[in-house]
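Q: Data: protein.tsv, TSV, C-alpha atoms.
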```tsv
chain	number	residue	atom	x	y	z
A	1	MET	CA	18.48	3.71	-4.16
A	2	THR	CA	18.30	4.75	-0.55
A	3	THR	CA	20.06	2.65	2.03
A	4	THR	CA	19.82	3.19	5.74
A	5	SER	CA	22.69	2.18	7.93
A	6	ASP	CA	21.81	4.18	11.01
A	7	VAL	CA	19.09	3.36	13.50
A	8	ARG	CA	16.07	5.60	13.13
A	9	GLU	CA	12.62	5.88	14.58
A	10	PRO	CA	9.73	4.24	12.71
A	11	ASP	CA	7.92	7.56	12.36
A	12	GLU	CA	10.95	9.18	10.81
A	13	LEU	CA	11.48	6.26	8.42
A	14	TYR	CA	7.84	6.36	7.42
A	15	GLU	CA	7.95	10.06	6.69
A	16	GLN	CA	11.12	9.66	4.66
A	17	ALA	CA	9.62	6.74	2.73
A	18	ILE	CA	6.50	8.71	1.87
A	19	ALA	CA	8.50	11.76	0.85
A	20	VAL	CA	10.55	9.68	-1.57
A	21	TYR	CA	8.13	6.96	-2.68
A	22	GLY	CA	4.70	8.51	-2.07
A	23	GLY	CA	4.09	8.96	-5.81
A	24	ALA	CA	5.26	5.43	-6.59
A	25	LEU	CA	2.80	4.08	-4.04
A	26	VAL	CA	-0.08	5.88	-5.73
A	27	ARG	CA	0.96	4.47	-9.11
A	28	LEU	CA	1.25	1.03	-7.58
A	29	ALA	CA	-2.21	1.30	-6.03
A	30	ARG	CA	-3.62	2.31	-9.41
A	31	GLY	CA	-2.22	-0.93	-10.79
A	32	TYR	CA	-4.09	-2.92	-8.16
A	33	GLU	CA	-7.44	-1.10	-7.93
A	34	ALA	CA	-9.46	0.70	-10.61
A	35	ASP	CA	-12.17	2.13	-8.37
A	36	ALA	CA	-11.09	5.50	-6.95
A	37	ASP	CA	-12.79	5.10	-3.53
A	38	LYS	CA	-11.48	1.59	-3.03
A	39	ARG	CA	-8.06	2.74	-4.19
A	40	ARG	CA	-8.03	5.27	-1.36
A	41	ASP	CA	-8.78	2.43	1.06
A	42	LEU	CA	-5.99	0.35	-0.47
A	43	LEU	CA	-3.56	3.24	-0.20
A	44	GLN	CA	-4.49	3.72	3.44
A	45	GLU	CA	-3.83	0.03	4.04
A	46	ILE	CA	-0.45	0.35	2.35
A	47	HIS	CA	0.46	3.40	4.45
A	48	LEU	CA	-0.67	1.69	7.63
A	49	ALA	CA	1.23	-1.52	6.86
A	50	LEU	CA	4.30	0.48	5.95
A	51	TRP	CA	4.24	2.52	9.13
A	52	ARG	CA	3.71	-0.58	11.26
A	53	SER	CA	6.46	-2.44	9.39
A	54	PHE	CA	9.11	0.13	10.28
A	55	ALA	CA	9.06	-1.04	13.88
A	56	GLY	CA	11.10	-3.99	12.56
A	57	PHE	CA	13.11	-2.21	9.89
A	58	GLN	CA	16.47	-3.79	9.18
A	59	SER	CA	19.14	-1.70	7.54
A	60	ASP	CA	20.51	-4.64	5.54
A	61	CYS	CA	17.65	-4.02	3.13
A	62	SER	CA	17.30	-0.85	1.10
A	63	LEU	CA	14.43	1.46	2.01
A	64	ARG	CA	13.15	1.14	-1.55
A	65	THR	CA	13.02	-2.66	-1.46
A	66	TRP	CA	11.33	-2.52	1.95
A	67	VAL	CA	8.69	-0.07	0.77
A	68	TYR	CA	7.98	-1.93	-2.47
A	69	ARG	CA	7.76	-5.31	-0.76
A	70	VAL	CA	5.26	-4.11	1.80
A	71	ALA	CA	3.23	-2.22	-0.81
A	72	HIS	CA	3.13	-5.09	-3.31
A	73	ASN	CA	2.30	-7.65	-0.65
A	74	VAL	CA	-0.58	-5.49	0.58
A	75	GLY	CA	-1.65	-5.02	-3.06
A	76	ALA	CA	-1.54	-8.77	-3.78
A	77	THR	CA	-3.51	-9.54	-0.62
A	78	TRP	CA	-6.02	-6.85	-1.62
A	79	THR	CA	-6.43	-8.42	-5.09
A	80	ILE	CA	-7.02	-11.87	-3.62
A	81	ARG	CA	-9.54	-10.45	-1.14
A	82	GLN	CA	-11.38	-8.43	-3.79
A	83	ARG	CA	-11.67	-11.46	-6.06
A	84	ARG	CA	-13.85	-13.12	-3.44
A	85	SER	CA	-16.46	-10.36	-3.82
A	86	ARG	CA	-15.75	-9.48	-7.47
A	87	PRO	CA	-14.84	-12.74	-9.22
A	88	GLN	CA	-12.52	-12.01	-12.12
A	89	VAL	CA	-10.34	-14.28	-14.20
A	90	LEU	CA	-6.77	-13.04	-13.95
A	91	LEU	CA	-4.39	-13.73	-16.79
A	92	SER	CA	-0.73	-14.60	-16.94
A	93	LEU	CA	1.57	-12.57	-19.16
A	94	GLU	CA	1.56	-15.46	-21.60
A	95	ASP	CA	-2.21	-15.21	-22.02
A	96	ALA	CA	-2.54	-11.42	-22.05
A	97	GLN	CA	-3.26	-10.16	-25.55
A	98	PRO	CA	-4.39	-6.55	-25.40
A	99	PRO	CA	-5.47	-5.18	-28.78
A	100	PRO	CA	-3.09	-2.62	-30.32
A	101	ILE	CA	-3.91	1.04	-29.80
A	102	ALA	CA	-3.98	3.64	-32.54
A	103	SER	CA	-0.55	4.94	-33.50
A	104	ASP	CA	-1.59	8.54	-32.78
A	105	ALA	CA	-3.13	7.77	-29.38
A	106	ASP	CA	-2.17	10.31	-26.74
A	107	ARG	CA	-0.50	9.61	-23.40
A	108	GLN	CA	-3.76	9.45	-21.47
A	109	VAL	CA	-5.21	6.80	-23.79
A	110	ALA	CA	-1.98	4.81	-23.62
A	111	LEU	CA	-1.95	5.06	-19.82
A	112	ALA	CA	-5.59	3.97	-19.52
A	113	ARG	CA	-4.94	0.95	-21.73
A	114	LEU	CA	-1.81	0.12	-19.82
A	115	MET	CA	-3.81	0.18	-16.58
A	116	ASP	CA	-6.40	-2.16	-18.10
A	117	LEU	CA	-3.66	-4.58	-19.06
A	118	ILE	CA	-1.99	-4.46	-15.65
A	119	ARG	CA	-5.24	-5.04	-13.74
A	120	GLN	CA	-5.96	-8.17	-15.80
A	121	LEU	CA	-2.77	-9.84	-14.65
A	122	LYS	CA	-2.16	-12.32	-11.86
A	123	PRO	CA	-0.48	-10.78	-8.79
A	124	LEU	CA	3.03	-11.97	-9.56
A	125	ASP	CA	2.96	-10.88	-13.20
A	126	ARG	CA	1.36	-7.63	-12.10
A	127	GLN	CA	4.19	-7.04	-9.68
A	128	VAL	CA	6.80	-7.70	-12.35
A	129	ILE	CA	5.27	-5.33	-14.86
A	130	LEU	CA	4.71	-2.60	-12.24
A	131	ALA	CA	8.33	-2.90	-11.08
A	132	TYR	CA	9.54	-2.83	-14.67
A	133	LEU	CA	7.49	0.26	-15.49
A	134	ASP	CA	8.73	1.95	-12.34
A	135	GLY	CA	12.29	1.56	-13.59
A	136	MET	CA	13.58	-1.47	-11.71
A	137	ASP	CA	16.16	-3.67	-13.42
A	138	ALA	CA	16.07	-7.47	-13.62
A	139	ALA	CA	18.17	-8.02	-10.49
A	140	GLU	CA	15.99	-5.70	-8.41
A	141	ILE	CA	12.85	-7.39	-9.71
A	142	ALA	CA	14.28	-10.81	-8.80
A	143	GLU	CA	15.06	-9.57	-5.27
A	144	LEU	CA	11.61	-8.03	-4.93
A	145	THR	CA	9.63	-10.96	-6.26
A	146	GLY	CA	11.73	-14.00	-5.37
A	147	LEU	CA	11.61	-15.15	-8.98
A	148	SER	CA	14.69	-16.84	-10.35
A	149	GLY	CA	16.87	-14.79	-12.70
A	150	GLY	CA	15.76	-16.96	-15.61
A	151	ASN	CA	12.10	-16.47	-14.80
A	152	VAL	CA	12.52	-12.70	-14.50
A	153	ALA	CA	14.29	-12.62	-17.88
A	154	THR	CA	11.51	-14.66	-19.45
A	155	LYS	CA	8.82	-12.45	-17.96
A	156	LEU	CA	10.57	-9.24	-18.99
A	157	HIS	CA	10.96	-10.60	-22.50
A	158	ARG	CA	7.25	-11.37	-22.58
A	159	ILE	CA	6.39	-7.94	-21.18
A	160	ARG	CA	8.40	-6.24	-23.89
A	161	ILE	CA	6.66	-8.29	-26.60
A	162	VAL	CA	3.20	-7.52	-25.21
A	163	LEU	CA	3.92	-3.83	-24.73
A	164	THR	CA	5.64	-3.40	-28.09
A	165	ARG	CA	2.85	-5.16	-29.94
A	166	SER	CA	0.10	-3.19	-28.23
A	167	PHE	CA	1.59	0.19	-27.53
A	168	GLN	CA	3.90	0.91	-30.43
A	169	GLY	CA	3.83	4.63	-31.05
A	170	ALA	CA	1.99	5.33	-27.82
A	171	GLY	CA	2.39	8.83	-26.48
A	172	HIS	CA	3.09	10.45	-29.84
A	173	GLY	CA	-0.31	12.09	-29.83
A	174	ARG	CA	-1.31	15.07	-27.76
A	175	ALA	CA	-0.63	14.80	-24.08
E	176	MET	CA	9.54	1.04	-24.51
E	177	GLU	CA	11.23	3.89	-22.65
E	178	GLU	CA	8.38	6.11	-23.75
E	179	LEU	CA	5.88	3.82	-22.06
E	180	ARG	CA	7.91	3.80	-18.87
E	181	ASP	CA	8.04	7.59	-19.08
E	182	ILE	CA	4.24	7.74	-19.45
E	183	TRP	CA	3.90	5.47	-16.42
E	184	GLN	CA	6.38	7.26	-14.21
E	185	ASN	CA	5.16	10.74	-15.07
E	186	GLN	CA	1.44	10.14	-14.80
E	187	GLU	CA	-0.42	12.68	-12.70
E	188	VAL	CA	-0.96	11.37	-9.21
E	189	GLU	CA	-2.46	12.88	-6.12
E	190	GLU	CA	-0.27	11.79	-3.28
E	191	MET	CA	-1.94	10.74	-0.09
E	192	LYS	CA	-0.81	12.40	3.10
E	193	ILE	CA	-1.58	10.63	6.33
E	194	SER	CA	-0.15	11.93	9.55
E	195	VAL	CA	1.53	9.61	12.01
E	196	GLU	CA	-1.22	10.48	14.52
E	197	GLU	CA	-3.87	9.31	12.06
E	198	LEU	CA	-1.94	6.11	11.51
E	199	ARG	CA	-1.78	5.49	15.26
E	200	THR	CA	-5.56	5.91	15.45
E	201	LYS	CA	-6.09	3.57	12.50
E	202	ALA	CA	-3.74	0.96	13.97
E	203	ALA	CA	-5.63	1.06	17.26
E	204	ARG	CA	-8.95	0.72	15.40
E	205	PHE	CA	-7.51	-2.20	13.42
E	206	ARG	CA	-6.43	-3.97	16.61
E	207	ARG	CA	-9.84	-3.36	18.18
E	208	GLY	CA	-11.48	-4.87	15.07
E	209	ILE	CA	-9.48	-8.08	15.41
E	210	VAL	CA	-10.21	-8.30	19.12
E	211	ARG	CA	-13.93	-7.77	18.45
E	212	ARG	CA	-13.98	-10.45	15.70
E	213	ASN	CA	-12.25	-13.00	17.89
E	214	LEU	CA	-14.49	-12.10	20.79
E	215	THR	CA	-17.65	-12.57	18.70
E	216	GLU	CA	-16.53	-16.01	17.52
E	217	GLN	CA	-15.53	-16.99	21.02
E	218	LEU	CA	-18.79	-15.76	22.49
E	219	ALA	CA	-20.67	-17.94	19.98
E	220	CYS	CA	-18.58	-20.94	21.02
E	221	GLY	CA	-19.04	-19.96	24.66
E	222	ALA	CA	-22.81	-19.84	24.22
E	223	VAL	CA	-22.78	-23.36	22.75
E	224	ALA	CA	-20.56	-24.57	25.58
E	225	ILE	CA	-22.79	-22.97	28.24
E	226	TRP	CA	-25.99	-24.33	26.70
E	227	PHE	CA	-24.70	-27.89	26.47
E	228	GLY	CA	-22.96	-27.55	29.81
E	229	THR	CA	-26.29	-26.59	31.40
E	230	GLU	CA	-27.96	-29.54	29.70
E	231	PHE	CA	-25.22	-31.74	31.13
E	232	TRP	CA	-26.08	-30.65	34.68
E	233	LYS	CA	-29.83	-30.84	34.10
E	234	THR	CA	-29.88	-34.30	32.50
E	235	ALA	CA	-29.73	-37.41	34.58
E	236	VAL	CA	-29.49	-39.95	31.75
E	237	VAL	CA	-25.88	-41.04	31.28
E	238	ILE	CA	-25.51	-41.19	27.49
E	239	PRO	CA	-26.99	-37.73	26.76
E	240	ARG	CA	-24.91	-36.34	29.65
E	241	ILE	CA	-21.75	-37.69	28.05
E	242	SER	CA	-22.86	-36.31	24.66
E	243	PHE	CA	-23.55	-32.85	26.09
E	244	ALA	CA	-20.22	-32.82	27.88
E	245	LEU	CA	-18.42	-33.80	24.69
E	246	ILE	CA	-20.20	-31.11	22.67
E	247	ALA	CA	-19.46	-28.45	25.30
E	248	ALA	CA	-15.80	-29.53	25.33
E	249	ALA	CA	-15.72	-29.40	21.53
E	250	ALA	CA	-17.05	-25.84	21.55
E	251	LEU	CA	-14.37	-24.82	24.06
E	252	TYR	CA	-11.71	-26.46	21.92
E	253	VAL	CA	-12.90	-24.57	18.82
E	254	ALA	CA	-12.88	-21.32	20.84
E	255	TRP	CA	-9.31	-22.02	21.93
E	256	HIS	CA	-8.32	-22.75	18.33
E	257	ILE	CA	-9.88	-19.48	17.13
E	258	GLN	CA	-7.98	-17.64	19.83
E	259	THR	CA	-4.69	-19.20	18.70
E	260	ARG	CA	-5.44	-18.53	15.04
E	261	GLY	CA	-6.46	-14.96	15.86
E	262	ARG	CA	-3.05	-14.26	17.31
E	263	ALA	CA	-1.32	-15.42	14.14
E	264	GLY	CA	-1.66	-13.75	10.75
E	265	ALA	CA	0.55	-11.62	8.59
E	266	VAL	CA	2.24	-8.70	10.27
E	267	PRO	CA	3.62	-5.93	8.09
E	268	VAL	CA	7.21	-6.64	9.06
E	269	ASP	CA	6.81	-10.12	7.51
E	270	MET	CA	5.62	-8.45	4.36
E	271	ALA	CA	8.82	-6.45	4.17
E	272	ARG	CA	11.11	-9.37	4.94
E	273	SER	CA	9.48	-11.69	2.40
E	274	ASN	CA	9.43	-11.36	-1.33
E	275	LEU	CA	6.07	-11.85	-3.02
E	276	ILE	CA	6.56	-15.56	-3.66
E	277	GLU	CA	7.57	-16.30	-0.07
E	278	PHE	CA	4.77	-14.15	1.29
E	279	GLN	CA	2.11	-15.63	-0.96
E	280	ARG	CA	3.38	-19.13	-0.25
E	281	THR	CA	3.16	-18.58	3.48
E	282	GLU	CA	-0.32	-17.08	3.20
E	283	LEU	CA	-1.53	-19.86	0.89
E	284	GLU	CA	-0.05	-22.54	3.13
E	285	LYS	CA	-1.78	-21.02	6.15
E	286	GLN	CA	-5.13	-20.96	4.34
E	287	ARG	CA	-4.62	-24.48	2.97
E	288	ASP	CA	-3.72	-25.89	6.38
E	289	LEU	CA	-6.75	-24.22	7.92
E	290	LEU	CA	-9.00	-25.71	5.22
E	291	LYS	CA	-7.37	-29.12	5.27
E	292	GLY	CA	-7.52	-29.24	9.03
E	293	VAL	CA	-11.22	-28.38	9.23
E	294	TRP	CA	-12.02	-31.91	10.42
E	295	ARG	CA	-9.38	-31.69	13.12
E	296	TRP	CA	-10.23	-28.29	14.59
E	297	TYR	CA	-13.85	-27.57	13.63
E	298	LEU	CA	-15.92	-30.58	12.61
E	299	GLY	CA	-14.10	-33.49	14.24
E	300	PRO	CA	-14.44	-32.29	17.85
E	301	PHE	CA	-18.25	-32.33	17.53
E	302	VAL	CA	-18.49	-35.77	15.91
E	303	ALA	CA	-18.21	-37.83	19.09
E	304	GLY	CA	-20.84	-35.85	21.02
E	305	LEU	CA	-23.32	-35.47	18.17
E	306	GLY	CA	-22.79	-39.05	17.00
E	307	LEU	CA	-23.41	-40.45	20.45
E	308	LEU	CA	-26.52	-38.31	20.83
E	309	ALA	CA	-27.86	-39.43	17.42
E	310	ILE	CA	-27.25	-43.12	18.13
E	311	TRP	CA	-28.83	-42.84	21.58
E	312	GLY	CA	-31.81	-41.05	20.03
E	313	MET	CA	-32.32	-43.82	17.47
E	314	VAL	CA	-32.05	-46.53	20.12
E	315	VAL	CA	-34.38	-45.08	22.75
E	316	ALA	CA	-36.91	-43.24	20.64
E	317	PRO	CA	-40.33	-44.88	20.36
E	318	THR	CA	-40.73	-46.67	17.02
E	319	GLY	CA	-43.15	-44.08	15.70
E	320	ARG	CA	-40.81	-41.16	16.42
E	321	ARG	CA	-37.56	-42.79	15.43
E	322	TRP	CA	-37.64	-40.94	12.12
E	323	SER	CA	-36.80	-37.65	13.83
E	324	ALA	CA	-33.63	-39.15	15.34
E	325	VAL	CA	-32.70	-40.60	11.95
E	326	ALA	CA	-33.39	-37.25	10.27
E	327	PHE	CA	-31.17	-35.52	12.85
E	328	ALA	CA	-28.35	-38.00	12.20
E	329	VAL	CA	-28.66	-37.86	8.41
E	330	THR	CA	-28.82	-34.05	8.36
E	331	SER	CA	-25.77	-33.80	10.62
E	332	VAL	CA	-23.82	-36.23	8.44
E	333	LEU	CA	-24.79	-34.37	5.26
E	334	ILE	CA	-23.88	-30.96	6.68
E	335	PHE	CA	-20.54	-32.20	7.99
E	336	TRP	CA	-19.80	-34.04	4.75
E	337	GLY	CA	-20.70	-30.95	2.70
E	338	ILE	CA	-18.55	-28.60	4.78
E	339	GLY	CA	-15.67	-31.07	4.67
E	340	ARG	CA	-15.96	-31.51	0.91
E	341	LEU	CA	-16.10	-27.77	0.19
E	342	ASN	CA	-13.02	-27.21	2.31
E	343	ARG	CA	-11.15	-30.11	0.71
E	344	SER	CA	-11.93	-28.78	-2.75
E	345	ALA	CA	-10.78	-25.26	-1.79
E	346	ALA	CA	-7.59	-26.72	-0.27
E	347	ARG	CA	-6.90	-28.59	-3.53
E	348	LYS	CA	-7.16	-25.34	-5.50
E	349	LEU	CA	-4.69	-23.72	-3.11
E	350	GLU	CA	-2.34	-26.70	-3.58
E	351	GLU	CA	-2.37	-26.06	-7.32
E	352	GLN	CA	-1.48	-22.40	-6.75
E	353	LEU	CA	1.30	-23.45	-4.38
E	354	GLU	CA	2.75	-25.83	-6.96
E	355	GLU	CA	2.67	-23.03	-9.51
E	356	LEU	CA	4.52	-20.73	-7.11
E	357	LYS	CA	7.14	-23.38	-6.33
E	358	SER	CA	7.91	-23.77	-10.02
E	359	LEU	CA	8.51	-20.03	-10.30
E	360	GLY	CA	10.71	-19.57	-7.24
E	361	ALA	CA	14.43	-18.98	-7.27
```
Rewrite the structure of this file - the entire thing - as structure tokens.
A:
Amino acid sequence: MTTTSDVREPDELYEQAIAVYGGALVRLARGYEADADKRRDLLQEIHLALWRSFAGFQSDCSLRTWVYRVAHNVGATWTIRQRRSRPQVLLSLEDAQPPPIASDADRQVALARLMDLIRQLKPLDRQVILAYLDGMDAAEIAELTGLSGGNVATKLHRIRIVLTRSFQGAGHGRA
Amino acid sequence: MEELRDIWQNQEVEEMKISVEELRTKAARFRRGIVRRNLTEQLACGAVAIWFGTEFWKTAVVIPRISFALIAAAALYVAWHIQTRGRAGAVPVDMARSNLIEFQRTELEKQRDLLKGVWRWYLGPFVAGLGLLAIWGMVVAPTGRRWSAVAFAVTSVLIFWGIGRLNRSAARKLEEQLEELKSLGA
């Protein structure tokens, strides 16, 4: 985790954030938008919001938390906005029941199915699963989302059940 | 489970590179877009205010004059409200300082208040002027042409009622989402 205790210029912070978390932002955008052209627009919005946000950067918050909060909040706003033009019923983790994939499915198939699952979820559940997949622990997810510790634990438990049931053996096939 | 996280974290991605200069240009374009949107809405309100203001000066009959003045004032009030609303809105630094629940709650509350307050800031201001005009029309119109004044009044009531109802229903849906968020919060 990167923490910043010194005062730095917004441009410098932005460049550092992109150098470290640029890949994570692309993954995050893929979780929010399936269409490649629109995803580019979403990513541009995330970059723009991030750059603008650094004018008010406070060093009491880690750079990672800052970047993820901005990116997820832009992503959630994007989802809400897109639903007005592309109505879609979003599911909670409790209702998501993706069918299991073949045990010899390769990584690409598993990834595509994982994307489908993520994009079906409501913004908050989507944020939790994206943070979990990106390697955040329960405490970090609670800080990021504002969920209570109990709710994060419940959601993570549910995520593990859904993923285990649907993706057991995923990635054993050819990459 | 670790395998799935590994698949996720090591997926092939094409990173996007945007220079700071490009971002400056985009930010300026974004600001111009907001200014243009607010200006368009205000020009529409201004046109209404000017039209009814002109009618106010041209008309000698007291009741229509009062109605036109009230409608012009209502349009100016709506323009002022749009200007105030245009200044607000989420800024990226709020996005970073709020977790998703706080941020969504704030955004939902803003939308709900805007919808719930539609009578106060959008429809209500026009009621007095239009109502007075409709009543005056019904009173002074010749018996044979009274139907047009009644039709004007009924249509206005139906439109206002419809807009109000749609907004109330949308606000109720947002309330439900807010309740759901509150139950999830720390």
Q: Skipping near chain neighbours, those fewer than 5 positions away, what residues fall within 12 Å of Gln184 (chain E) using only C-alpha atoms, listed as a list in words?
A: Tyr21, Gly23, Ala24, Leu25, Val26, Arg27, Leu28, Arg107, Leu111, Leu130, Ala131, Tyr132, Leu133, Asp134, Gly135 and Met136 of chain A; Glu177, Glu178 and Leu179 of chain E
Q: If we draw a sphere of 12 Å around (-4.3, -23.3, -4.6), which residues have at least one atom in it when counting only C-alpha atoms? Please report them as a PyMOL selection string.
A: (chain A and resi 80) or (chain E and resi 279-288+290-291+342-357)
Q: Can you check which residues of chain E have any atom within 12 Å of chain A? Use all atoms listed in the file and format it as a PDB file with C-alpha atoms, keeping the file's coordinate frame.
A:
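Wrote it out as part-v1.pdb, contents follow:
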```pdb
ATOM      1  CA  MET E 176       9.540   1.040 -24.510  1.00  0.00           C
ATOM      2  CA  GLU E 177      11.230   3.890 -22.650  1.00  0.00           C
ATOM      3  CA  GLU E 178       8.380   6.110 -23.750  1.00  0.00           C
ATOM      4  CA  LEU E 179       5.880   3.820 -22.060  1.00  0.00           C
ATOM      5  CA  ARG E 180       7.910   3.800 -18.870  1.00  0.00           C
ATOM      6  CA  ASP E 181       8.040   7.590 -19.080  1.00  0.00           C
ATOM      7  CA  ILE E 182       4.240   7.740 -19.450  1.00  0.00           C
ATOM      8  CA  TRP E 183       3.900   5.470 -16.420  1.00  0.00           C
ATOM      9  CA  GLN E 184       6.380   7.260 -14.210  1.00  0.00           C
ATOM     10  CA  ASN E 185       5.160  10.740 -15.070  1.00  0.00           C
ATOM     11  CA  GLN E 186       1.440  10.140 -14.800  1.00  0.00           C
ATOM     12  CA  GLU E 187      -0.420  12.680 -12.700  1.00  0.00           C
ATOM     13  CA  VAL E 188      -0.960  11.370  -9.210  1.00  0.00           C
ATOM     14  CA  GLU E 189      -2.460  12.880  -6.120  1.00  0.00           C
ATOM     15  CA  GLU E 190      -0.270  11.790  -3.280  1.00  0.00           C
ATOM     16  CA  MET E 191      -1.940  10.740  -0.090  1.00  0.00           C
ATOM     17  CA  LYS E 192      -0.810  12.400   3.100  1.00  0.00           C
ATOM     18  CA  ILE E 193      -1.580  10.630   6.330  1.00  0.00           C
ATOM     19  CA  SER E 194      -0.150  11.930   9.550  1.00  0.00           C
ATOM     20  CA  VAL E 195       1.530   9.610  12.010  1.00  0.00           C
ATOM     21  CA  GLU E 196      -1.220  10.480  14.520  1.00  0.00           C
ATOM     22  CA  GLU E 197      -3.870   9.310  12.060  1.00  0.00           C
ATOM     23  CA  LEU E 198      -1.940   6.110  11.510  1.00  0.00           C
ATOM     24  CA  ARG E 199      -1.780   5.490  15.260  1.00  0.00           C
ATOM     25  CA  THR E 200      -5.560   5.910  15.450  1.00  0.00           C
ATOM     26  CA  LYS E 201      -6.090   3.570  12.500  1.00  0.00           C
ATOM     27  CA  ALA E 202      -3.740   0.960  13.970  1.00  0.00           C
ATOM     28  CA  ALA E 203      -5.630   1.060  17.260  1.00  0.00           C
ATOM     29  CA  ARG E 204      -8.950   0.720  15.400  1.00  0.00           C
ATOM     30  CA  PHE E 205      -7.510  -2.200  13.420  1.00  0.00           C
ATOM     31  CA  ARG E 206      -6.430  -3.970  16.610  1.00  0.00           C
ATOM     32  CA  ALA E 265       0.550 -11.620   8.590  1.00  0.00           C
ATOM     33  CA  VAL E 266       2.240  -8.700  10.270  1.00  0.00           C
ATOM     34  CA  PRO E 267       3.620  -5.930   8.090  1.00  0.00           C
ATOM     35  CA  VAL E 268       7.210  -6.640   9.060  1.00  0.00           C
ATOM     36  CA  ASP E 269       6.810 -10.120   7.510  1.00  0.00           C
ATOM     37  CA  MET E 270       5.620  -8.450   4.360  1.00  0.00           C
ATOM     38  CA  ALA E 271       8.820  -6.450   4.170  1.00  0.00           C
ATOM     39  CA  ARG E 272      11.110  -9.370   4.940  1.00  0.00           C
ATOM     40  CA  SER E 273       9.480 -11.690   2.400  1.00  0.00           C
ATOM     41  CA  ASN E 274       9.430 -11.360  -1.330  1.00  0.00           C
ATOM     42  CA  LEU E 275       6.070 -11.850  -3.020  1.00  0.00           C
ATOM     43  CA  ILE E 276       6.560 -15.560  -3.660  1.00  0.00           C
ATOM     44  CA  GLU E 277       7.570 -16.300  -0.070  1.00  0.00           C
ATOM     45  CA  PHE E 278       4.770 -14.150   1.290  1.00  0.00           C
ATOM     46  CA  GLN E 279       2.110 -15.630  -0.960  1.00  0.00           C
ATOM     47  CA  ARG E 280       3.380 -19.130  -0.250  1.00  0.00           C
ATOM     48  CA  THR E 281       3.160 -18.580   3.480  1.00  0.00           C
ATOM     49  CA  GLU E 282      -0.320 -17.080   3.200  1.00  0.00           C
ATOM     50  CA  LEU E 283      -1.530 -19.860   0.890  1.00  0.00           C
ATOM     51  CA  GLN E 352      -1.480 -22.400  -6.750  1.00  0.00           C
ATOM     52  CA  GLU E 355       2.670 -23.030  -9.510  1.00  0.00           C
ATOM     53  CA  LEU E 356       4.520 -20.730  -7.110  1.00  0.00           C
ATOM     54  CA  LYS E 357       7.140 -23.380  -6.330  1.00  0.00           C
ATOM     55  CA  SER E 358       7.910 -23.770 -10.020  1.00  0.00           C
ATOM     56  CA  LEU E 359       8.510 -20.030 -10.300  1.00  0.00           C
ATOM     57  CA  GLY E 360      10.710 -19.570  -7.240  1.00  0.00           C
ATOM     58  CA  ALA E 361      14.430 -18.980  -7.270  1.00  0.00           C
TER      59      ALA E 361
END
```
Q: In Å to one decimal, how far is CA of Ala250 (chain E) from CA of Ser331 (chain E)?
A: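 Distance reported for this atom pair: 16.1 Å.
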Q: Would you mind reading off the distance between CA of Trp336 (chain E) and CA of Gln258 (chain E), one decimal, in Å?
A: 25.2 Å
Q: Quote the spacing between CA of Leu90 (chain A) and CA of Lys122 (chain A) in Å to one decimal place.
A: 5.1 Å
Q: Which region 215-244 of chain E residues have any atom within 7 Å of an atom of region 297-312 of chain E, and for each, what is the nearest pair of atoms with distance in Å to one decimal, counting all atoms listed in the file, rows sorted by chain and number, as a Markdown table?
A:
```
| residue | atom | partner | partner_atom | distance |
| --- | --- | --- | --- | --- |
| E:Ile238 | CA | E:Trp311 | CA | 7.0 |
| E:Pro239 | CA | E:Leu308 | CA | 6.0 |
| E:Ser242 | CA | E:Gly304 | CA | 4.2 |
| E:Phe243 | CA | E:Gly304 | CA | 6.5 |
```
Q: Residues near Ala224 (chain E), anyone? I mean within 9 Å using only C-alpha atoms, not counting same-chain ones fewer than 3 positions away, as a ChimeraX atom specification.
A: /E:219-221,227-229,243-244,246-251
Q: How would the residues just chosen look if you wrote them out with C-alpha atoms as an mmCIF file, keeping the file's coordinate frame?
A:
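So out.cif came out as:
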```cif
data_model
loop_
_atom_site.group_PDB
_atom_site.id
_atom_site.type_symbol
_atom_site.label_atom_id
_atom_site.label_comp_id
_atom_site.auth_asym_id
_atom_site.auth_seq_id
_atom_site.Cartn_x
_atom_site.Cartn_y
_atom_site.Cartn_z
ATOM 1 C CA ALA E 219 -20.670 -17.940 19.980
ATOM 2 C CA CYS E 220 -18.580 -20.940 21.020
ATOM 3 C CA GLY E 221 -19.040 -19.960 24.660
ATOM 4 C CA PHE E 227 -24.700 -27.890 26.470
ATOM 5 C CA GLY E 228 -22.960 -27.550 29.810
ATOM 6 C CA THR E 229 -26.290 -26.590 31.400
ATOM 7 C CA PHE E 243 -23.550 -32.850 26.090
ATOM 8 C CA ALA E 244 -20.220 -32.820 27.880
ATOM 9 C CA ILE E 246 -20.200 -31.110 22.670
ATOM 10 C CA ALA E 247 -19.460 -28.450 25.300
ATOM 11 C CA ALA E 248 -15.800 -29.530 25.330
ATOM 12 C CA ALA E 249 -15.720 -29.400 21.530
ATOM 13 C CA ALA E 250 -17.050 -25.840 21.550
ATOM 14 C CA LEU E 251 -14.370 -24.820 24.060
#
```
Q: Env of Lys155 (chain A): 9 Å cut, atoms = all atoms listed in the file, seq-sep filter 5 positions within chain, self excluded. Answer as number ranges by chain.
A: A: 93-94, 125, 128-129, 150, 160
Q: Find the residue from A:Val20, A:Ala153, A:Leu117, A:Leu13 that sits nearest to Gln97 (chain A); use all atoms listed in the file when measuring.
A: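 Among the listed residues, the smallest separation from Gln97 (chain A) belongs to A:Leu117.
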Q: Take every atom of region 124-127 of chain A listed in the file, fit an axis-aligned box around them, add 8 Å per side, and give the centre and edge lengths in Å to one decimal as JSON.
A:
```
{"center_x": 2.8, "center_y": -9.5, "center_z": -11.4, "size_x": 18.8, "size_y": 20.9, "size_z": 19.6}
```
